[in-house]
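S.K.: Got a file for you: start01.json, JSON, C-alpha atoms.
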[["chain", "number", "residue", "atom", "x", "y", "z"],
["K", 1, "MET", "CA", -12.02, 22.47, -81.99],
["K", 2, "THR", "CA", -10.13, 20.34, -79.50],
["K", 3, "ALA", "CA", -12.71, 19.87, -76.78],
["K", 4, "GLY", "CA", -15.30, 18.29, -79.01],
["K", 5, "GLY", "CA", -17.81, 19.19, -81.67],
["K", 6, "ILE", "CA", -18.71, 18.09, -85.18],
["K", 7, "GLY", "CA", -15.78, 16.75, -87.18],
["K", 8, "LYS", "CA", -15.35, 15.58, -90.73],
["K", 9, "HIS", "CA", -16.91, 12.18, -90.07],
["K", 10, "GLY", "CA", -19.57, 13.22, -87.58],
["K", 11, "ILE", "CA", -19.74, 14.15, -83.94],
["K", 12, "ARG", "CA", -16.40, 14.14, -82.16],
["K", 13, "VAL", "CA", -16.56, 13.48, -78.44],
["K", 14, "GLY", "CA", -14.32, 15.68, -76.32],
["K", 15, "LYS", "CA", -11.72, 14.47, -73.84],
["K", 16, "HIS", "CA", -13.54, 15.86, -70.80],
["K", 17, "PHE", "CA", -16.81, 14.38, -71.95],
["K", 18, "ARG", "CA", -15.20, 10.96, -72.28],
["K", 19, "HIS", "CA", -13.79, 11.27, -68.78],
["K", 20, "ALA", "CA", -17.23, 12.18, -67.43],
["K", 21, "ILE", "CA", -18.80, 9.16, -69.16],
["K", 22, "GLY", "CA", -16.04, 6.93, -67.78],
["K", 23, "ALA", "CA", -16.61, 8.16, -64.24],
["K", 24, "LEU", "CA", -20.35, 7.67, -64.61],
["K", 25, "GLY", "CA", -19.77, 4.14, -65.89],
["K", 26, "ALA", "CA", -17.50, 3.37, -62.95],
["K", 27, "ALA", "CA", -20.18, 4.58, -60.54],
["K", 28, "PHE", "CA", -22.81, 2.39, -62.16],
["K", 29, "SER", "CA", -20.46, -0.60, -62.11],
["K", 30, "LEU", "CA", -20.01, -0.14, -58.37],
["K", 31, "LEU", "CA", -23.74, 0.22, -57.84],
["K", 32, "PHE", "CA", -25.09, -2.43, -60.19],
["K", 33, "GLY", "CA", -22.02, -4.29, -61.45],
["K", 34, "ASN", "CA", -21.88, -6.88, -58.69],
["K", 35, "ALA", "CA", -24.11, -9.31, -60.55],
["K", 36, "VAL", "CA", -21.21, -11.73, -60.92],
["K", 37, "LEU", "CA", -20.54, -11.65, -57.18],
["K", 38, "ALA", "CA", -22.40, -13.78, -54.67],
["K", 39, "ASN", "CA", -20.76, -12.89, -51.37],
["K", 40, "PRO", "CA", -20.72, -9.20, -50.40],
["K", 41, "GLN", "CA", -17.41, -7.52, -51.09],
["K", 42, "PRO", "CA", -15.62, -4.58, -49.40],
["K", 43, "GLY", "CA", -16.80, -1.32, -50.93],
["K", 44, "GLN", "CA", -19.89, -2.87, -52.51],
["K", 45, "LEU", "CA", -22.76, -0.37, -52.69],
["K", 46, "ASN", "CA", -25.66, -2.43, -53.94],
["K", 47, "LEU", "CA", -27.22, -5.64, -52.62],
["K", 48, "THR", "CA", -25.72, -8.88, -53.81],
["K", 49, "PRO", "CA", -27.86, -10.48, -56.55],
["K", 50, "GLY", "CA", -27.30, -13.85, -54.92],
["K", 51, "VAL", "CA", -27.16, -17.33, -56.41],
["K", 52, "THR", "CA", -30.64, -18.76, -55.81],
["K", 53, "THR", "CA", -33.90, -18.88, -57.73],
["K", 54, "TYR", "CA", -35.38, -16.41, -55.20],
["K", 55, "SER", "CA", -32.53, -14.00, -54.50],
["K", 56, "TYR", "CA", -33.15, -11.94, -57.65],
["K", 57, "ILE", "CA", -36.52, -10.80, -56.21],
["K", 58, "PRO", "CA", -35.23, -8.67, -53.28],
["K", 59, "TYR", "CA", -32.35, -7.52, -55.52],
["K", 60, "MET", "CA", -34.81, -6.35, -58.18],
["K", 61, "LEU", "CA", -37.19, -4.79, -55.63],
["K", 62, "ASN", "CA", -34.32, -2.82, -54.11],
["K", 63, "ASN", "CA", -33.28, -1.46, -57.51],
["K", 64, "VAL", "CA", -36.85, -0.58, -58.52],
["K", 65, "ALA", "CA", -37.52, 1.22, -55.23],
["K", 66, "LEU", "CA", -34.18, 3.03, -55.47],
["K", 67, "GLY", "CA", -34.98, 4.11, -59.05],
["K", 68, "VAL", "CA", -38.39, 5.43, -58.00],
["K", 69, "CYS", "CA", -36.84, 7.38, -55.12],
["K", 70, "VAL", "CA", -34.17, 8.87, -57.40],
["K", 71, "VAL", "CA", -36.74, 10.01, -59.98],
["K", 72, "ILE", "CA", -38.98, 11.52, -57.28],
["K", 73, "GLY", "CA", -36.01, 13.27, -55.72],
["K", 74, "ILE", "CA", -34.90, 14.75, -59.03],
["K", 75, "LEU", "CA", -38.42, 16.02, -59.83],
["K", 76, "VAL", "CA", -39.14, 17.43, -56.37],
["K", 77, "PHE", "CA", -35.76, 19.07, -55.75],
["K", 78, "GLY", "CA", -35.55, 20.18, -59.38],
["K", 79, "ALA", "CA", -38.91, 21.96, -59.13],
["K", 80, "MET", "CA", -37.90, 23.44, -55.78],
["K", 81, "PHE", "CA", -34.59, 24.85, -57.05],
["K", 82, "ILE", "CA", -36.20, 26.20, -60.23],
["K", 83, "ALA", "CA", -38.82, 27.98, -58.12],
["K", 84, "MET", "CA", -36.17, 29.33, -55.75],
["K", 85, "PHE", "CA", -33.75, 30.71, -58.34],
["K", 86, "ARG", "CA", -35.79, 31.50, -61.44],
["K", 87, "PHE", "CA", -38.89, 32.87, -59.79],
["K", 88, "ARG", "CA", -37.39, 34.72, -56.87],
["K", 89, "LYS", "CA", -38.49, 38.16, -55.76],
["K", 90, "SER", "CA", -35.19, 39.82, -56.68],
["K", 91, "ARG", "CA", -35.87, 38.98, -60.34],
["K", 92, "GLY", "CA", -39.27, 40.66, -60.17],
["K", 93, "ALA", "CA", -41.34, 37.50, -60.05],
["K", 94, "VAL", "CA", -44.96, 38.09, -59.00],
["K", 95, "PRO", "CA", -46.83, 35.17, -57.40],
["K", 96, "GLU", "CA", -50.04, 33.97, -58.94],
["K", 97, "LYS", "CA", -53.31, 34.58, -57.15],
["K", 98, "TRP", "CA", -54.89, 31.14, -57.57],
["K", 99, "SER", "CA", -54.66, 28.65, -54.71],
["K", 100, "HIS", "CA", -56.16, 25.45, -56.15],
["K", 101, "ASN", "CA", -55.97, 23.57, -59.41],
["K", 102, "THR", "CA", -58.14, 20.49, -59.53],
["K", 103, "THR", "CA", -56.32, 18.90, -62.45],
["K", 104, "VAL", "CA", -52.89, 19.28, -60.85],
["K", 105, "GLU", "CA", -54.12, 17.97, -57.51],
["K", 106, "ILE", "CA", -55.66, 14.89, -59.13],
["K", 107, "ILE", "CA", -52.43, 14.18, -61.01],
["K", 108, "TRP", "CA", -50.10, 14.51, -58.03],
["K", 109, "THR", "CA", -52.45, 12.38, -55.92],
["K", 110, "ALA", "CA", -52.98, 9.64, -58.52],
["K", 111, "ILE", "CA", -49.30, 9.20, -59.42],
["K", 112, "PRO", "CA", -48.14, 8.39, -55.83],
["K", 113, "VAL", "CA", -51.08, 6.00, -55.42],
["K", 114, "VAL", "CA", -50.07, 4.14, -58.59],
["K", 115, "ILE", "CA", -46.44, 4.00, -57.41],
["K", 116, "LEU", "CA", -47.34, 2.69, -53.96],
["K", 117, "VAL", "CA", -49.77, 0.08, -55.30],
["K", 118, "SER", "CA", -47.16, -1.11, -57.82],
["K", 119, "LEU", "CA", -44.45, -1.45, -55.16],
["K", 120, "ALA", "CA", -46.89, -3.15, -52.78],
["K", 121, "TRP", "CA", -47.88, -5.65, -55.47],
["K", 122, "LEU", "CA", -44.24, -6.48, -56.25],
["K", 123, "ALA", "CA", -43.36, -6.87, -52.55],
["K", 124, "THR", "CA", -46.43, -8.98, -51.79],
["K", 125, "ASP", "CA", -45.74, -11.27, -54.73],
["K", 126, "GLY", "CA", -42.16, -11.68, -53.50],
["K", 127, "LEU", "CA", -43.32, -12.56, -49.98],
["K", 128, "ARG", "CA", -45.81, -15.06, -51.41],
["K", 129, "LYS", "CA", -43.05, -16.84, -53.32],
["K", 130, "PHE", "CA", -40.74, -16.82, -50.29],
["K", 131, "SER", "CA", -43.36, -18.31, -47.96],
["K", 132, "ASP", "CA", -44.12, -21.23, -50.29],
["K", 133, "THR", "CA", -42.00, -24.10, -48.97],
["K", 134, "THR", "CA", -44.10, -26.81, -50.64],
["K", 135, "GLY", "CA", -42.40, -29.25, -52.96],
["K", 136, "ALA", "CA", -39.15, -29.21, -51.00],
["K", 137, "GLN", "CA", -36.73, -32.02, -51.86],
["K", 138, "MET", "CA", -34.70, -31.68, -48.69],
["K", 139, "THR", "CA", -35.22, -30.46, -45.12],
["K", 140, "VAL", "CA", -32.57, -29.07, -42.80],
["K", 141, "LYS", "CA", -33.20, -28.06, -39.21],
["K", 142, "VAL", "CA", -31.11, -25.09, -38.01],
["K", 143, "THR", "CA", -30.79, -24.42, -34.28],
["K", 144, "GLY", "CA", -29.02, -21.37, -32.90],
["K", 145, "TYR", "CA", -26.90, -21.49, -29.74],
["K", 146, "GLN", "CA", -24.58, -19.00, -28.10],
["K", 147, "TRP", "CA", -22.41, -18.85, -30.19],
["K", 148, "LYS", "CA", -22.70, -21.63, -32.71],
["K", 149, "TRP", "CA", -25.18, -23.37, -35.00],
["K", 150, "ARG", "CA", -26.46, -26.93, -35.06],
["K", 151, "TYR", "CA", -27.53, -28.52, -38.36],
["K", 152, "ASP", "CA", -29.76, -31.60, -38.52],
["K", 153, "TYR", "CA", -30.41, -33.16, -41.92],
["K", 154, "VAL", "CA", -34.03, -34.34, -41.65],
["K", 155, "ASP", "CA", -34.75, -35.82, -45.09],
["K", 156, "TYR", "CA", -33.50, -35.87, -48.68],
["K", 157, "LEU", "CA", -35.41, -36.86, -51.84],
["K", 158, "GLY", "CA", -38.28, -38.24, -49.78],
["K", 159, "LYS", "CA", -36.12, -40.43, -47.55],
["K", 160, "PRO", "CA", -35.63, -39.67, -43.84],
["K", 161, "LEU", "CA", -32.06, -39.21, -42.66],
["K", 162, "SER", "CA", -30.69, -40.20, -39.28],
["K", 163, "HIS", "CA", -27.47, -39.38, -37.46],
["K", 164, "VAL", "CA", -26.50, -36.68, -39.96],
["K", 165, "ASP", "CA", -26.05, -33.69, -37.69],
["K", 166, "PHE", "CA", -23.23, -31.58, -36.30],
["K", 167, "MET", "CA", -22.35, -28.33, -34.56],
["K", 168, "SER", "CA", -20.77, -25.51, -36.54],
["K", 169, "LYS", "CA", -18.70, -22.84, -34.79],
["K", 170, "LEU", "CA", -15.98, -20.28, -35.46],
["K", 171, "ASP", "CA", -12.85, -21.86, -36.94],
["K", 172, "ASP", "CA", -9.82, -22.32, -34.69],
["K", 173, "ARG", "CA", -7.58, -19.82, -36.56],
["K", 174, "SER", "CA", -10.09, -16.99, -36.21],
["K", 175, "ASN", "CA", -10.81, -17.94, -32.61],
["K", 176, "ALA", "CA", -7.12, -17.88, -31.71],
["K", 177, "THR", "CA", -6.56, -14.59, -33.55],
["K", 178, "ARG", "CA", -9.46, -12.80, -31.88],
["K", 179, "GLN", "CA", -8.13, -13.42, -28.36],
["K", 180, "LEU", "CA", -6.90, -10.34, -26.54],
["K", 181, "ASP", "CA", -3.15, -9.84, -26.94],
["K", 182, "SER", "CA", -2.86, -12.84, -29.26],
["K", 183, "GLY", "CA", -0.39, -10.94, -31.44],
["K", 184, "LEU", "CA", -1.79, -12.69, -34.54],
["K", 185, "ASP", "CA", -2.64, -10.79, -37.72],
["K", 186, "PRO", "CA", -6.33, -10.94, -38.71],
["K", 187, "TYR", "CA", -5.38, -10.29, -42.35],
["K", 188, "ALA", "CA", -3.34, -13.51, -42.34],
["K", 189, "VAL", "CA", -6.46, -15.62, -41.76],
["K", 190, "LYS", "CA", -7.29, -16.66, -45.32],
["K", 191, "VAL", "CA", -8.74, -19.44, -47.43],
["K", 192, "GLY", "CA", -6.94, -19.10, -50.73],
["K", 193, "ASP", "CA", -6.95, -15.38, -51.55],
["K", 194, "GLU", "CA", -10.09, -14.67, -49.50],
["K", 195, "ASN", "CA", -9.75, -13.13, -46.06],
["K", 196, "THR", "CA", -11.94, -15.26, -43.78],
["K", 197, "TYR", "CA", -11.23, -13.77, -40.38],
["K", 198, "LEU", "CA", -14.40, -14.31, -38.31],
["K", 199, "LEU", "CA", -16.15, -15.62, -41.46],
["K", 200, "ASP", "CA", -15.12, -19.28, -41.47],
["K", 201, "VAL", "CA", -16.34, -22.27, -39.47],
["K", 202, "ASP", "CA", -15.02, -25.70, -38.55],
["K", 203, "HIS", "CA", -17.95, -27.56, -40.18],
["K", 204, "PRO", "CA", -19.84, -25.84, -43.04],
["K", 205, "LEU", "CA", -23.40, -26.69, -44.02],
["K", 206, "VAL", "CA", -23.09, -28.84, -47.16],
["K", 207, "VAL", "CA", -26.06, -28.77, -49.55],
["K", 208, "PRO", "CA", -26.70, -29.80, -53.17],
["K", 209, "VAL", "CA", -27.36, -27.35, -56.01],
["K", 210, "ASP", "CA", -30.56, -27.39, -58.08],
["K", 211, "THR", "CA", -32.50, -28.69, -55.08],
["K", 212, "LYS", "CA", -35.34, -26.97, -53.23],
["K", 213, "ILE", "CA", -34.23, -27.04, -49.61],
["K", 214, "ARG", "CA", -36.62, -26.26, -46.76],
["K", 215, "PHE", "CA", -35.09, -24.82, -43.60],
["K", 216, "VAL", "CA", -36.82, -25.07, -40.24],
["K", 217, "ILE", "CA", -35.11, -22.59, -37.97],
["K", 218, "THR", "CA", -35.27, -22.23, -34.19],
["K", 219, "ALA", "CA", -33.01, -21.45, -31.21],
["K", 220, "ASP", "CA", -32.17, -23.03, -27.89],
["K", 221, "ASP", "CA", -31.29, -20.04, -25.70],
["K", 222, "VAL", "CA", -31.79, -16.49, -27.08],
["K", 223, "ILE", "CA", -32.97, -14.99, -30.36],
["K", 224, "HIS", "CA", -30.55, -15.43, -33.25],
["K", 225, "SER", "CA", -30.94, -14.73, -36.97],
["K", 226, "TRP", "CA", -29.66, -17.02, -39.73],
["K", 227, "PHE", "CA", -28.46, -14.80, -42.59],
["K", 228, "VAL", "CA", -26.50, -15.69, -45.73],
["K", 229, "PRO", "CA", -26.71, -12.74, -48.18],
["K", 230, "ALA", "CA", -26.17, -14.91, -51.26],
["K", 231, "LEU", "CA", -29.40, -16.77, -50.49],
["K", 232, "GLY", "CA", -31.42, -13.54, -50.57],
["K", 233, "TRP", "CA", -33.13, -13.78, -47.17],
["K", 234, "LYS", "CA", -32.62, -14.03, -43.43],
["K", 235, "MET", "CA", -34.78, -15.69, -40.80],
["K", 236, "ASP", "CA", -34.98, -15.21, -37.04],
["K", 237, "ALA", "CA", -34.21, -18.20, -34.83],
["K", 238, "ILE", "CA", -36.48, -17.84, -31.78],
["K", 239, "PRO", "CA", -36.61, -20.23, -28.79],
["K", 240, "GLY", "CA", -39.89, -22.13, -28.76],
["K", 241, "VAL", "CA", -40.79, -21.00, -32.31],
["K", 242, "VAL", "CA", -40.06, -22.82, -35.57],
["K", 243, "ASN", "CA", -39.78, -20.57, -38.63],
["K", 244, "ALA", "CA", -39.61, -21.93, -42.17],
["K", 245, "ALA", "CA", -37.76, -20.73, -45.27],
["K", 246, "TRP", "CA", -36.43, -22.27, -48.46],
["K", 247, "THR", "CA", -33.69, -21.91, -51.03],
["K", 248, "ASN", "CA", -32.62, -23.40, -54.34],
["K", 249, "ILE", "CA", -28.96, -22.65, -55.07],
["K", 250, "LYS", "CA", -28.02, -22.60, -58.74],
["K", 251, "GLN", "CA", -24.24, -22.19, -58.58],
["K", 252, "PRO", "CA", -21.75, -24.37, -56.65],
["K", 253, "GLY", "CA", -19.57, -22.41, -54.27],
["K", 254, "VAL", "CA", -18.96, -21.34, -50.69],
["K", 255, "TYR", "CA", -21.32, -18.67, -49.36],
["K", 256, "ARG", "CA", -20.73, -16.93, -46.06],
["K", 257, "GLY", "CA", -22.97, -15.16, -43.60],
["K", 258, "GLN", "CA", -23.31, -14.25, -39.93],
["K", 259, "CYS", "CA", -25.89, -14.12, -37.19],
["K", 260, "ALA", "CA", -27.88, -10.94, -37.84],
["K", 261, "GLU", "CA", -29.35, -10.58, -34.35],
["K", 262, "LEU", "CA", -27.53, -9.12, -31.35],
["K", 263, "CYS", "CA", -27.44, -12.36, -29.34],
["K", 264, "GLY", "CA", -24.78, -11.68, -26.71],
["K", 265, "GLN", "CA", -21.22, -10.56, -26.06],
["K", 266, "ASP", "CA", -19.74, -12.94, -28.67],
["K", 267, "HIS", "CA", -22.38, -12.16, -31.29],
["K", 268, "GLY", "CA", -19.70, -11.12, -33.79],
["K", 269, "PHE", "CA", -18.07, -14.57, -33.63],
["K", 270, "MET", "CA", -21.03, -16.59, -34.93],
["K", 271, "PRO", "CA", -20.45, -17.04, -38.67],
["K", 272, "ILE", "CA", -22.35, -19.21, -41.15],
["K", 273, "VAL", "CA", -20.83, -21.05, -44.10],
["K", 274, "VAL", "CA", -22.92, -22.82, -46.75],
["K", 275, "LYS", "CA", -21.02, -25.05, -49.16],
["K", 276, "ALA", "CA", -23.08, -25.81, -52.29],
["K", 277, "VAL", "CA", -21.87, -28.81, -54.28],
["K", 278, "SER", "CA", -23.15, -30.89, -57.18],
["K", 279, "LYS", "CA", -25.75, -33.56, -56.49],
["K", 280, "GLU", "CA", -23.18, -36.27, -57.13],
["K", 281, "ASP", "CA", -20.69, -34.79, -54.67],
["K", 282, "PHE", "CA", -23.45, -34.32, -52.09],
["K", 283, "ALA", "CA", -24.53, -37.96, -52.43],
["K", 284, "ARG", "CA", -20.95, -39.05, -51.72],
["K", 285, "TRP", "CA", -20.67, -36.66, -48.76],
["K", 286, "LEU", "CA", -23.99, -37.87, -47.37],
["K", 287, "ALA", "CA", -22.92, -41.53, -47.70],
["K", 288, "ASP", "CA", -19.72, -40.77, -45.77],
["K", 289, "GLN", "CA", -21.73, -39.08, -43.01],
["K", 290, "GLN", "CA", -24.05, -42.07, -42.67],
["K", 291, "LYS", "CA", -21.26, -44.65, -42.37],
["K", 292, "PRO", "CA", -21.11, -46.28, -38.92],
["K", 293, "ALA", "CA", -18.25, -45.12, -36.76],
["K", 294, "THR", "CA", -15.16, -47.34, -36.84],
["K", 295, "PRO", "CA", -14.51, -48.99, -33.43],
["K", 296, "ALA", "CA", -11.50, -47.58, -31.65],
["K", 297, "PRO", "CA", -8.44, -49.90, -31.48],
["K", 298, "ALA", "CA", -8.38, -49.51, -27.72],
["K", 299, "ALA", "CA", -11.76, -51.20, -27.45],
["K", 300, "ALA", "CA", -10.51, -54.23, -29.39],
["K", 301, "SER", "CA", -7.42, -54.59, -27.23],
["K", 302, "THR", "CA", -9.52, -54.27, -24.09],
["K", 303, "ALA", "CA", -11.80, -57.07, -25.28],
["K", 304, "ALA", "CA", -8.81, -59.29, -26.07],
["K", 305, "ALA", "CA", -7.21, -58.84, -22.64],
["K", 306, "PRO", "CA", -9.61, -61.15, -20.66],
["K", 307, "ALA", "CA", -9.23, -63.92, -23.26],
["K", 308, "GLN", "CA", -5.42, -63.70, -23.01],
["K", 309, "ALA", "CA", -5.56, -63.83, -19.19],
["K", 310, "THR", "CA", -7.82, -66.90, -19.31],
["K", 311, "ALA", "CA", -5.41, -68.67, -21.64],
["K", 312, "GLN", "CA", -2.52, -67.95, -19.27],
["K", 313, "VAL", "CA", -4.42, -69.39, -16.33],
["K", 314, "ALA", "CA", -5.30, -72.52, -18.30],
["K", 315, "THR", "CA", -1.66, -73.20, -19.24],
["K", 316, "LYS", "CA", -0.17, -72.46, -15.79],
["K", 317, "PRO", "CA", 1.30, -75.66, -14.21],
["K", 318, "ASN", "CA", -0.20, -76.94, -11.01],
["K", 319, "ASN", "CA", 2.49, -76.84, -8.28],
["K", 320, "GLN", "CA", 0.34, -78.03, -5.39],
["K", 321, "GLY", "CA", 1.50, -81.46, -4.03]]
Could you quickly redo this structure as structure tokens?

M.R.:
Amino acid sequence: MTAGGIGKHGIRVGKHFRHAIGALGAAFSLLFGNAVLANPQPGQLNLTPGVTTYSYIPYMLNNVALGVCVVIGILVFGAMFIAMFRFRKSRGAVPEKWSHNTTVEIIWTAIPVVILVSLAWLATDGLRKFSDTTGAQMTVKVTGYQWKWRYDYVDYLGKPLSHVDFMSKLDDRSNATRQLDSGLDPYAVKVGDENTYLLDVDHPLVVPVDTKIRFVITADDVIHSWFVPALGWKMDAIPGVVNAAWTNIKQPGVYRGQCAELCGQDHGFMPIVVKAVSKEDFARWLADQQKPATPAPAAASTAAAPAQATAQVATKPNNQG
């Protein structure tokens, strides 16, 4: 036997069977094998598991709901096809005369109720955890504009912060490349080996890892939506409304997102970049941001000019007789 069977030392797996198992494994790796990835990748089928203490919840809920749907589909369509082909009239099948079966009706009513209650409990528990922003160690205000974001660092470790804020917009390389008839190659816009065309900004949001960060999110003009897939959630930015969310990033890295609300003609050019660093690196970055601005040399020379003119007047000889 060359295709498989029972050999001298046990069951021998055939070549075609091994190929089938390999293809099945590849499919599962595409569907569920992105656990090591934080940012979504081209060709990815499943949600990203993310890098926060919360992001595993929507990832898990998606997989559970998908599994339930697959099982229900197999049972329903399996029963339908069996009834259609095995018990068809051409094979002499005769339909039964009964129209009700109390036991069967109780079973197929109780099972969906149990499934729905279980999914509702999981989803409600996830929403409860997401809405709990208490105990935050840091607060960042996010304001959406057409077509950029403003970040204001409100407090950190119980201490208020001042003058730590900036605008974040599409990076210059992507902005130049996107112009009509620019002649520039979008695939040439990279950071390292990663293509970042329309996904990079001039000033990323820098945050520390292992820190519960509360976001207060609003907008100044139209409705936007702040969405970074690796964080596991998105939140609408609505003018006149302040929404709250939180995250706790566990892995340092750069995580990219985009506005997820159709906010205008340049909606596709409104990326988000979150740079998560260690607490030590964040403390150094924060200290640099809080340093007073160095006076421009021109201001010093301007201040020195009147003093020099006064000295020249004082030393000028008196020629009047």

S.K.: Tell me which of K:Ile57, K:Ile82, K:Ile223, K:Val228 sits closest to K:Gly264, counting only C-alpha atoms.

M.R.: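 When distances to K:Gly264 are compared using only C-alpha atoms, the smallest one comes from K:Ile223.
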
S.K.: Looking at all atoms listed in the file, which of K:Gln41, K:Asp165, K:Cys263, K:Lys212 is the one that sits closest to K:Ala230?

M.R.: K:Gln41

S.K.: So the first atom is atom CA of K:Tyr145 and the second is atom CA of K:Ser174; what is the distance between them in Å, to one decimal place?

M.R.: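 Interatomic distance, atom CA of K:Tyr145 to atom CA of K:Ser174: 18.6 Å.
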
S.K.: Scan for residues within 7 Å of the point (-33.1, -16.9, -34.0) in the coordinates of the file, using all atoms listed in the file, and reply as a list in words.

M.R.: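 The requested residues, written out, are Gly144, Thr218, Ala219, Ile223, His224, Ser225, Trp226, Asp236, Ala237 and Ile238 of chain K.
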
S.K.: May I ask for the distance between atom CA of K:Leu119 and atom CA of K:Ala65, given in Å to one decimal place?

M.R.: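 Interatomic distance, atom CA of K:Leu119 to atom CA of K:Ala65: 7.4 Å.
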
S.K.: Please compute the atom CA of K:Asn248-atom CA of K:Pro160 distance, one decimal, in Å.

M.R.: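 Spanning atom CA of K:Asn248 to atom CA of K:Pro160 is a straight-line distance of 19.6 Å.
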
S.K.: Between K:Asn39, K:Asn195, K:Asn175, K:Ser55, which one has atoms that come closest to K:Lys234, using only C-alpha atoms?

M.R.: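 Closest residue, counting only C-alpha atoms: K:Ser55.
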
S.K.: Under the rule that all atoms listed in the file are counted, which of K:Val274, K:Leu116, K:Val201, K:Ala283 is the nearest residue to K:Tyr255?

M.R.: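 Under the stated criterion, the closest residue is K:Val274.
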
S.K.: Residues proximal to (-20.1, -14.9, -38.1) were defined as those with any atom within 7 Å of that point in the file's coordinates, counting all atoms listed in the file. Which are they, as a ChimeraX atom specification?

M.R.: /K:198-199,257-259,268-272
